[in-house]
>>> print(open('model.txt').read())   # compact mmCIF, C-alpha atoms
# COMPACT_ATOMS: atom_id res chain seq x y z
CA MET A 244 0.00 0.00 0.00
CA ILE A 245 1.38 3.39 -1.00
CA ALA A 246 1.48 5.87 1.86
CA PRO A 247 -0.58 9.05 1.23
CA GLU A 248 1.30 12.22 0.40
CA ASP A 249 0.45 15.91 0.64
CA PHE A 250 -2.03 17.12 -1.93
CA CYS A 251 -0.18 18.62 -4.90
CA HIS A 252 -1.82 21.67 -6.47
CA ASP A 253 0.50 21.48 -9.46
CA GLU A 254 -1.23 18.31 -10.63
CA ILE A 255 -4.55 20.09 -11.07
CA SER A 256 -5.11 20.28 -14.82
CA ILE A 257 -7.07 23.33 -16.04
CA GLY A 258 -8.11 23.97 -19.63
CA ASP A 259 -10.78 25.13 -22.08
CA VAL A 260 -10.94 28.53 -20.35
CA GLN A 261 -13.71 30.80 -21.61
CA SER A 262 -14.61 34.38 -20.69
CA SER A 263 -17.88 35.32 -22.35
CA GLU A 264 -18.09 38.63 -20.49
CA PRO A 265 -15.69 40.81 -18.47
CA ASN A 266 -14.58 39.32 -15.15
CA PHE A 267 -16.54 36.09 -15.70
CA TYR A 268 -14.75 32.81 -16.34
CA ARG A 269 -15.65 29.22 -17.17
CA PHE A 270 -13.19 26.33 -17.42
CA LYS A 271 -12.81 22.58 -17.12
CA ALA A 272 -10.43 20.92 -14.68
CA SER A 273 -9.34 17.48 -13.62
CA VAL A 274 -7.59 16.00 -10.62
CA PRO A 275 -5.81 12.62 -11.04
CA PRO A 276 -6.80 9.64 -8.86
CA ASN A 277 -3.67 9.72 -6.69
CA GLN A 278 -4.29 13.38 -5.79
CA VAL A 279 -7.95 12.65 -5.07
CA ASP A 280 -6.77 10.07 -2.53
CA ASN A 281 -4.29 12.55 -1.02
CA PHE A 282 -7.03 15.15 -0.74
CA LEU A 283 -9.46 12.74 0.94
CA PHE A 284 -6.74 11.60 3.35
CA SER A 285 -6.01 15.22 4.35
CA LEU A 286 -9.73 15.79 5.03
CA VAL A 287 -9.93 12.70 7.25
CA GLN A 288 -6.82 13.71 9.19
CA ALA A 289 -8.09 17.26 9.71
CA ALA A 290 -11.47 15.95 10.92
CA LYS A 291 -9.83 13.62 13.46
CA LEU A 292 -7.47 16.34 14.67
CA ASN A 293 -10.37 18.73 15.32
CA SER A 294 -12.84 16.08 16.56
CA LEU A 295 -15.19 16.71 13.63
CA ASP A 296 -17.22 14.46 11.37
CA VAL A 297 -15.50 13.32 8.19
CA PRO A 298 -16.95 15.22 5.18
CA THR A 299 -19.43 13.35 3.03
CA PRO A 300 -18.46 12.61 -0.62
CA GLU A 301 -20.60 15.55 -1.72
CA GLU A 302 -19.02 17.91 0.84
CA ALA A 303 -15.55 16.70 -0.16
CA ALA A 304 -16.34 17.43 -3.81
CA LYS A 305 -17.40 21.00 -2.97
CA LEU A 306 -14.18 21.54 -0.99
CA LEU A 307 -12.06 20.29 -3.89
CA MET A 308 -13.99 22.55 -6.30
CA SER A 309 -13.08 25.51 -4.11
CA VAL A 310 -9.42 24.47 -4.13
CA ILE A 311 -9.47 24.20 -7.94
CA TRP A 312 -11.14 27.62 -8.27
CA GLU A 313 -8.56 29.23 -5.97
CA GLU A 314 -5.75 27.53 -7.90
CA TYR A 315 -6.96 28.97 -11.20
CA ALA A 316 -7.24 32.44 -9.63
CA TYR A 317 -3.70 32.12 -8.27
CA ARG A 318 -2.25 30.97 -11.61
CA SER A 319 -4.06 33.76 -13.49
CA ASN A 320 -3.31 36.52 -10.95
CA LEU A 321 -7.01 37.18 -10.37
CA ARG A 322 -8.95 38.07 -7.24
CA LEU A 323 -11.63 35.87 -5.71
CA SER A 324 -14.99 37.37 -4.91
CA SER A 325 -17.28 34.39 -4.36
CA THR A 326 -17.47 30.62 -4.65
CA PRO A 327 -17.88 29.15 -8.15
CA THR A 328 -20.87 27.39 -9.64
CA ALA A 329 -20.39 23.83 -10.90
CA ASP A 330 -21.96 22.57 -14.12
CA LEU A 331 -23.40 19.28 -12.84
CA SER A 332 -24.05 18.09 -16.38
CA VAL A 333 -20.29 17.80 -16.83
CA CYS A 334 -19.05 16.66 -13.40
CA ASN A 335 -19.96 14.20 -10.69
CA PRO A 336 -21.05 16.05 -7.52
CA HIS A 337 -19.46 13.32 -5.37
CA LEU A 338 -15.77 12.70 -4.74
CA LYS A 339 -14.84 9.02 -5.15
CA ALA A 340 -11.58 7.51 -3.94
CA SER A 341 -8.97 6.45 -6.54
CA THR A 342 -11.07 8.02 -9.31
CA GLU A 343 -10.22 10.99 -11.49
CA PHE A 344 -12.26 14.06 -10.56
CA LEU A 345 -13.64 16.04 -13.51
CA VAL A 346 -15.35 19.38 -13.04
CA CYS A 347 -16.56 22.43 -14.97
CA LEU A 348 -16.63 25.64 -12.93
CA GLU A 349 -17.76 29.18 -13.65
CA GLY A 350 -18.06 32.44 -11.78
CA PRO A 351 -16.67 35.97 -11.32
CA LEU A 352 -12.96 36.71 -10.90
CA TYR A 353 -11.37 40.14 -10.91
CA PRO A 354 -7.98 41.63 -11.80
CA PRO A 355 -5.70 42.62 -8.93
CA CYS A 356 -6.07 46.06 -7.40
CA SER A 357 -3.72 48.77 -8.58
CA LEU A 358 -2.10 50.69 -5.73
CA ASP A 359 -0.99 53.64 -7.88
CA PHE A 360 -3.72 55.77 -6.31
CA LEU A 361 -1.84 55.71 -2.98
CA ASP A 362 0.47 58.40 -4.36
CA GLN A 363 -2.54 60.71 -4.52
CA ILE A 364 -3.55 60.24 -0.89
CA HIS A 365 -2.28 62.77 1.61
CA VAL A 366 -2.94 62.29 5.32
CA PRO A 367 -2.00 65.23 7.53
CA VAL A 368 0.72 64.64 10.09
CA GLU A 369 0.28 66.40 13.41
CA GLU A 370 2.15 66.10 16.68
CA PRO A 371 0.30 66.65 19.97
CA ILE A 372 1.13 69.89 21.74
CA VAL A 373 0.35 70.06 25.46
CA ASP A 374 -0.03 73.69 26.47
CA ASP A 375 0.43 74.68 30.09
CA TYR A 376 -3.20 75.76 30.37
CA LEU A 377 -4.30 72.16 29.68
CA VAL A 378 -2.20 70.93 32.59
CA GLU A 379 -3.49 73.69 34.87
CA GLN A 380 -7.07 72.95 33.93
CA GLU A 381 -6.63 69.25 34.63
CA ILE A 382 -5.19 70.07 38.04
CA SER A 383 -8.21 72.30 38.60
CA ASN A 384 -10.50 69.44 37.55
CA GLN A 385 -8.78 67.12 40.03
CA LYS A 386 -9.29 69.68 42.80
CA VAL A 387 -12.99 69.75 41.97
CA LEU A 388 -13.37 65.97 41.63
CA LEU A 389 -11.62 65.33 44.95
CA GLY A 390 -13.32 68.25 46.71
CA GLN A 391 -16.12 68.21 49.25
CA ASP A 392 -19.65 68.38 47.84
CA ILE A 393 -21.65 71.48 48.76
CA PRO A 394 -25.21 72.49 47.84
CA PHE A 395 -25.63 73.97 44.37
CA GLU A 396 -27.45 77.20 43.62
CA TYR A 397 -27.57 79.14 40.38
CA PRO A 398 -25.80 80.97 38.81
CA ILE A 399 -23.11 78.71 37.37
CA GLN A 400 -19.62 79.41 38.64
CA ARG A 401 -16.10 78.09 38.22
CA GLY A 402 -15.59 74.56 39.48
CA ASP A 403 -19.13 73.41 38.68
CA ILE A 404 -19.62 70.11 36.83
CA LEU A 405 -22.66 70.06 34.56
CA ASP A 406 -24.28 66.80 33.50
CA GLY A 407 -26.49 66.96 30.42
CA LYS A 408 -26.76 66.68 26.65
CA LEU A 409 -24.49 68.50 24.21
CA VAL A 410 -25.70 69.06 20.64
CA ILE A 411 -23.29 70.53 18.09
CA LEU A 412 -24.31 71.93 14.69
CA ASP A 413 -22.17 73.00 11.76
CA SER A 414 -22.70 76.77 11.58
CA GLN A 415 -22.51 76.80 7.79
CA THR A 416 -24.90 73.93 7.06
CA ASP A 417 -26.94 73.63 10.30
CA LYS A 418 -26.18 69.90 10.10
CA GLU A 419 -26.10 68.10 13.44
CA ILE A 420 -22.64 66.61 13.88
CA LEU A 421 -22.75 65.58 17.53
CA ASN A 422 -25.48 64.63 19.98
CA ARG A 423 -24.12 63.15 23.16
CA THR A 424 -24.83 62.93 26.88
CA GLY A 425 -21.98 63.52 29.31
CA SER A 426 -20.29 65.88 31.74
CA LEU A 427 -18.99 69.39 31.12
CA SER A 428 -16.46 70.84 33.55
CA ILE A 429 -16.19 74.56 34.23
CA PRO A 430 -12.50 75.01 35.17
CA LEU A 431 -11.30 76.90 38.21
CA SER A 432 -8.97 78.87 35.94
CA GLY A 433 -8.62 79.60 32.23
CA ASP A 434 -11.13 80.33 29.48
CA HIS A 435 -11.46 76.86 27.95
CA PHE A 436 -13.75 74.01 28.93
CA ALA A 437 -13.84 70.35 28.00
CA PHE A 438 -16.58 67.91 27.11
CA GLU A 439 -15.07 64.42 26.95
CA SER A 440 -12.14 64.77 24.49
CA ILE A 441 -13.46 67.98 22.88
CA ILE A 442 -11.90 71.21 24.10
CA PHE A 443 -13.79 74.47 23.51
CA GLU A 444 -11.49 77.46 23.52
CA ASP A 445 -12.44 80.87 24.94
CA CYS A 446 -16.05 79.78 25.52
CA ILE A 447 -16.26 79.92 29.31
CA THR A 448 -18.19 83.21 29.24
CA TYR A 449 -21.19 81.41 27.72
CA PHE A 450 -21.59 79.57 31.04
CA LEU A 451 -20.30 81.73 33.88
CA GLY A 452 -23.04 83.59 35.72
CA ARG A 453 -25.83 81.87 33.76
CA SER A 454 -28.96 80.49 35.42
CA GLU A 455 -30.66 78.89 32.42
CA GLU A 456 -30.83 75.13 32.01
CA LYS A 457 -30.23 75.42 28.25
CA ILE A 458 -27.11 77.30 27.15
CA THR A 459 -26.20 78.10 23.56
CA GLY A 460 -23.02 79.42 21.98
CA GLU A 461 -20.93 79.59 18.83
CA THR A 462 -17.20 79.25 18.22
CA ASN A 463 -14.58 78.51 15.59
CA SER A 464 -11.93 77.62 18.17
CA PHE A 465 -12.14 74.01 19.28
CA SER A 466 -10.17 70.78 19.17
CA ALA A 467 -11.92 68.74 16.52
CA SER A 468 -13.07 65.21 17.15
CA PRO A 469 -13.39 62.97 14.03
CA GLU A 470 -17.07 63.94 13.74
CA MET A 471 -16.19 67.65 13.66
CA ARG A 472 -13.06 67.68 11.52
CA ASP A 473 -14.75 69.30 8.50
CA ALA A 474 -16.53 72.04 10.44
CA LYS A 475 -15.00 75.54 10.38
CA SER A 476 -17.42 77.04 12.88
CA ILE A 477 -19.91 75.38 15.21
CA GLN A 478 -22.99 76.19 17.24
CA PHE A 479 -23.56 74.27 20.45
CA VAL A 480 -26.51 73.76 22.77
CA PHE A 481 -26.01 72.28 26.24
CA ALA A 482 -29.15 71.15 28.06
CA THR A 483 -28.29 70.85 31.75
CA ALA A 484 -29.79 67.94 33.67
CA SER A 485 -27.94 68.43 36.97
CA VAL A 486 -25.05 70.41 38.42
CA LYS A 487 -22.49 69.32 41.00
CA ARG A 488 -20.63 71.87 43.09
CA SER A 489 -17.80 71.19 45.50
CA LYS A 490 -15.28 72.96 47.69
CA PRO A 491 -12.00 72.38 45.80
CA ALA A 492 -9.41 70.14 47.41
CA GLU A 493 -5.93 71.41 48.20
CA ILE A 494 -2.96 70.25 46.14
CA ASP A 495 -1.64 68.16 49.06
CA ALA A 496 -4.88 66.14 49.04
CA ILE A 497 -4.39 65.38 45.33
CA LEU A 498 -0.80 64.28 45.88
CA ALA A 499 -1.88 62.00 48.70
CA TYR A 500 -4.73 60.52 46.65
CA TYR A 501 -2.43 59.62 43.74
CA GLN A 502 0.46 58.70 46.07
CA MET A 503 2.82 61.26 44.57
CA THR A 504 5.57 63.14 46.36
CA SER A 505 5.59 66.51 44.61
CA ALA A 506 3.57 68.89 42.44
CA SER A 507 6.14 68.54 39.64
CA GLU A 508 5.57 64.77 39.57
CA LEU A 509 1.82 65.39 39.34
CA ARG A 510 2.24 67.89 36.51
CA SER A 511 4.50 65.50 34.58
CA SER A 512 2.01 62.64 34.96
CA ILE A 513 -0.88 64.87 33.82
CA GLN A 514 1.13 66.16 30.86
CA ASN A 515 1.86 62.58 29.69
CA ALA A 516 -1.79 61.59 30.07
CA ILE A 517 -2.99 64.61 28.06
CA GLU A 518 -0.36 63.97 25.37
CA ASN A 519 -1.53 60.35 25.03
CA ARG A 520 -5.16 61.49 24.83
CA LEU A 521 -4.35 64.07 22.16
CA ARG A 522 -2.23 61.56 20.24
CA ASP A 523 -5.11 59.08 20.28
CA GLY A 524 -7.49 61.77 18.99
CA ILE A 525 -5.06 62.72 16.22
CA GLN A 526 -4.69 59.07 15.22
CA ARG A 527 -8.47 58.56 15.04
CA SER A 528 -8.80 61.74 13.00
CA ARG A 529 -6.07 60.57 10.59
CA GLU A 530 -7.72 57.16 10.21
CA SER A 531 -11.06 58.81 9.47
CA HIS A 532 -9.39 61.15 6.96
CA LEU A 533 -7.68 58.18 5.31
CA CYS A 534 -11.00 56.34 4.95
CA ASP A 535 -12.53 59.38 3.25
CA GLN A 536 -9.58 59.55 0.85
CA LEU A 537 -9.78 55.84 0.04
CA LEU A 538 -13.52 56.02 -0.68
CA LYS A 539 -12.79 58.42 -3.52
CA PHE A 540 -11.01 55.60 -5.35
CA ALA A 541 -13.51 52.84 -4.53
CA PRO A 542 -15.14 51.30 -7.62
CA SER A 543 -18.78 52.14 -8.22
CA LEU A 544 -21.28 49.35 -7.51
CA THR A 545 -23.74 50.67 -10.08
>>> encode(input="model.txt", output="structure tokens")
Amino acid sequence: MIAPEDFCHDEISIGDVQSSEPNFYRFKASVPPNQVDNFLFSLVQAAKLNSLDVPTPEEAAKLLMSVIWEEYAYRSNLRLSSTPTADLSVCNPHLKASTEFLVCLEGPLYPPCSLDFLDQIHVPVEEPIVDDYLVEQEISNQKVLLGQDIPFEYPIQRGDILDGKLVILDSQTDKEILNRTGSLSIPLSGDHFAFESIIFEDCITYFLGRSEEKITGETNSFSASPEMRDAKSIQFVFATASVKRSKPAEIDAILAYYQMTSASELRSSIQNAIENRLRDGIQRSRESHLCDQLLKFAPSLT
């Protein structure tokens, strides 16, 4: 008895190739008896190794058809898009040991993608810059978060944390580009405020001293999230659900909470955290920009 060997793709014979329309192919193929046995043996071994049922003759025939189809695509430098259709009037839908396997397959195959368009794609490169005011504001936020809660009364003042819904519109198109629930921190110092990863510059005056639950404003100075990258100017509406006010903690309380020995160590840690956050935002913005650029070169489906 001859020991089984590995299935040899080179012994697949393919001929009578026809292409009646673009990207559609039909051909006949044959696999010699010895390679049919090798293929069946590999299926049995794989089934035993993975504790699965051995494929039926019909299932084995479908698997071999797929191998033949992939082999033709490989030899012809074409891309697969789907499984082929077998002409059952020409081939036997069952795989039989020690018997030549004849098949006629047809289906779509496509030429390889050209990557020349990559030269036309430009993704902006930006390094994160951590300004001192961002560090100071984060320290202020920590003082508020670790402070002692006190009763809240309007108007809004520095150190307040507002929970609610932020809606952002593109000023030029009135298109809604963000609608999200979260927290907005009014810093103890500085003129900027943050909502999640979005920083609004010089907008603190829209909130300080206000007693309304719904606050509106407009600005063209903000750190853009991926959703806002195309907007030049935005309008925002913040609907306040609740407000938390606290007596700010001292710097020593913050150092003790984070088990740090000095204010400089705290500032360095905050600076690294902000830099990582900004770098992550830049990366997401670049990925979104790249997707938009790639879509320009995507083939039309119509």
>>> residues_around(input="model.txt", residues="range 264-278 of chain A", least_positions_apart="3", cutoff="10 Å", atoms="only C-alpha atoms", output="tab-separated table (two decimals) with C-alpha atoms, in the frame of the given file")
chain	number	residue	atom	x	y	z
A	245	ILE	CA	1.38	3.39	-1.00
A	247	PRO	CA	-0.58	9.05	1.23
A	248	GLU	CA	1.30	12.22	0.40
A	249	ASP	CA	0.45	15.91	0.64
A	250	PHE	CA	-2.03	17.12	-1.93
A	251	CYS	CA	-0.18	18.62	-4.90
A	252	HIS	CA	-1.82	21.67	-6.47
A	253	ASP	CA	0.50	21.48	-9.46
A	254	GLU	CA	-1.23	18.31	-10.63
A	255	ILE	CA	-4.55	20.09	-11.07
A	256	SER	CA	-5.11	20.28	-14.82
A	257	ILE	CA	-7.07	23.33	-16.04
A	258	GLY	CA	-8.11	23.97	-19.63
A	259	ASP	CA	-10.78	25.13	-22.08
A	260	VAL	CA	-10.94	28.53	-20.35
A	261	GLN	CA	-13.71	30.80	-21.61
A	281	ASN	CA	-4.29	12.55	-1.02
A	282	PHE	CA	-7.03	15.15	-0.74
A	283	LEU	CA	-9.46	12.74	0.94
A	284	PHE	CA	-6.74	11.60	3.35
A	307	LEU	CA	-12.06	20.29	-3.89
A	308	MET	CA	-13.99	22.55	-6.30
A	311	ILE	CA	-9.47	24.20	-7.94
A	312	TRP	CA	-11.14	27.62	-8.27
A	315	TYR	CA	-6.96	28.97	-11.20
A	321	LEU	CA	-7.01	37.18	-10.37
A	322	ARG	CA	-8.95	38.07	-7.24
A	327	PRO	CA	-17.88	29.15	-8.15
A	328	THR	CA	-20.87	27.39	-9.64
A	329	ALA	CA	-20.39	23.83	-10.90
A	330	ASP	CA	-21.96	22.57	-14.12
A	333	VAL	CA	-20.29	17.80	-16.83
A	334	CYS	CA	-19.05	16.66	-13.40
A	339	LYS	CA	-14.84	9.02	-5.15
A	340	ALA	CA	-11.58	7.51	-3.94
A	341	SER	CA	-8.97	6.45	-6.54
A	342	THR	CA	-11.07	8.02	-9.31
A	343	GLU	CA	-10.22	10.99	-11.49
A	344	PHE	CA	-12.26	14.06	-10.56
A	345	LEU	CA	-13.64	16.04	-13.51
A	346	VAL	CA	-15.35	19.38	-13.04
A	347	CYS	CA	-16.56	22.43	-14.97
A	348	LEU	CA	-16.63	25.64	-12.93
A	349	GLU	CA	-17.76	29.18	-13.65
A	350	GLY	CA	-18.06	32.44	-11.78
A	351	PRO	CA	-16.67	35.97	-11.32
A	352	LEU	CA	-12.96	36.71	-10.90
A	353	TYR	CA	-11.37	40.14	-10.91
A	354	PRO	CA	-7.98	41.63	-11.80
>>> closest_residue(input="model.txt", among="A:Lys487, A:Lys305, A:His435, A:His532", to="Glu381 in chain A", atoms="all atoms listed in the file")
A:His435
>>> residues_near_point(input="model.txt", point="(-6.3, 63.3, 42.7)", cutoff="12 Å", atoms="only C-alpha atoms", output="list in words")
Glu381, Ile382, Ser383, Asn384, Gln385, Lys386, Val387, Leu388, Leu389, Gly390, Pro491, Ala492, Glu493, Ile494, Asp495, Ala496, Ile497, Leu498, Ala499, Tyr500, Tyr501, Gln502, Met503, Ala506, Leu509, Arg510, Ser512 and Ile513 of chain A
>>> closest_residue(input="model.txt", among="A:Ala289, A:Ile525, A:Leu427, A:Ile420", to="Ile399 in chain A", atoms="only C-alpha atoms")
A:Leu427
>>> residues_around(input="model.txt", residues="Lys475 in chain A", least_positions_apart="2", cutoff="7 Å", atoms="only C-alpha atoms", output="ChimeraX atom specification")
/A:463,473,477
>>> residues_around(input="model.txt", residues="Ser428 in chain A", least_positions_apart="3", cutoff="7 Å", atoms="only C-alpha atoms", output="compact mmCIF listing (two decimals) with C-alpha atoms, in the coordinates of the input")
# COMPACT_ATOMS: atom_id res chain seq x y z
CA ASP A 403 -19.13 73.41 38.68
CA ILE A 404 -19.62 70.11 36.83
CA LEU A 405 -22.66 70.06 34.56
CA PHE A 436 -13.75 74.01 28.93
CA ALA A 437 -13.84 70.35 28.00
>>> atom_distance(input="model.txt", atom1="CA of Leu451 in chain A", atom2="CA of Gln400 in chain A")
5.3 Å
>>> atom_distance(input="model.txt", atom1="CA of Ile447 in chain A", atom2="CA of Gly524 in chain A")
22.6 Å
>>> residues_around(input="model.txt", residues="Cys446 in chain A", least_positions_apart="2", cutoff="9 Å", atoms="all atoms listed in the file", output="CSV table (one decimal) with C-alpha atoms, keeping the file's coordinate frame")
chain,number,residue,atom,x,y,z
A,434,ASP,CA,-11.1,80.3,29.5
A,435,HIS,CA,-11.5,76.9,28.0
A,436,PHE,CA,-13.8,74.0,28.9
A,443,PHE,CA,-13.8,74.5,23.5
A,444,GLU,CA,-11.5,77.5,23.5
A,448,THR,CA,-18.2,83.2,29.2
A,449,TYR,CA,-21.2,81.4,27.7
A,450,PHE,CA,-21.6,79.6,31.0
A,460,GLY,CA,-23.0,79.4,22.0
A,461,GLU,CA,-20.9,79.6,18.8
A,462,THR,CA,-17.2,79.2,18.2
A,464,SER,CA,-11.9,77.6,18.2
>>> closest_residue(input="model.txt", among="A:Thr483, A:Gln288, A:Asn335, A:Asn320", to="Ala304 in chain A", atoms="only C-alpha atoms")
A:Asn335
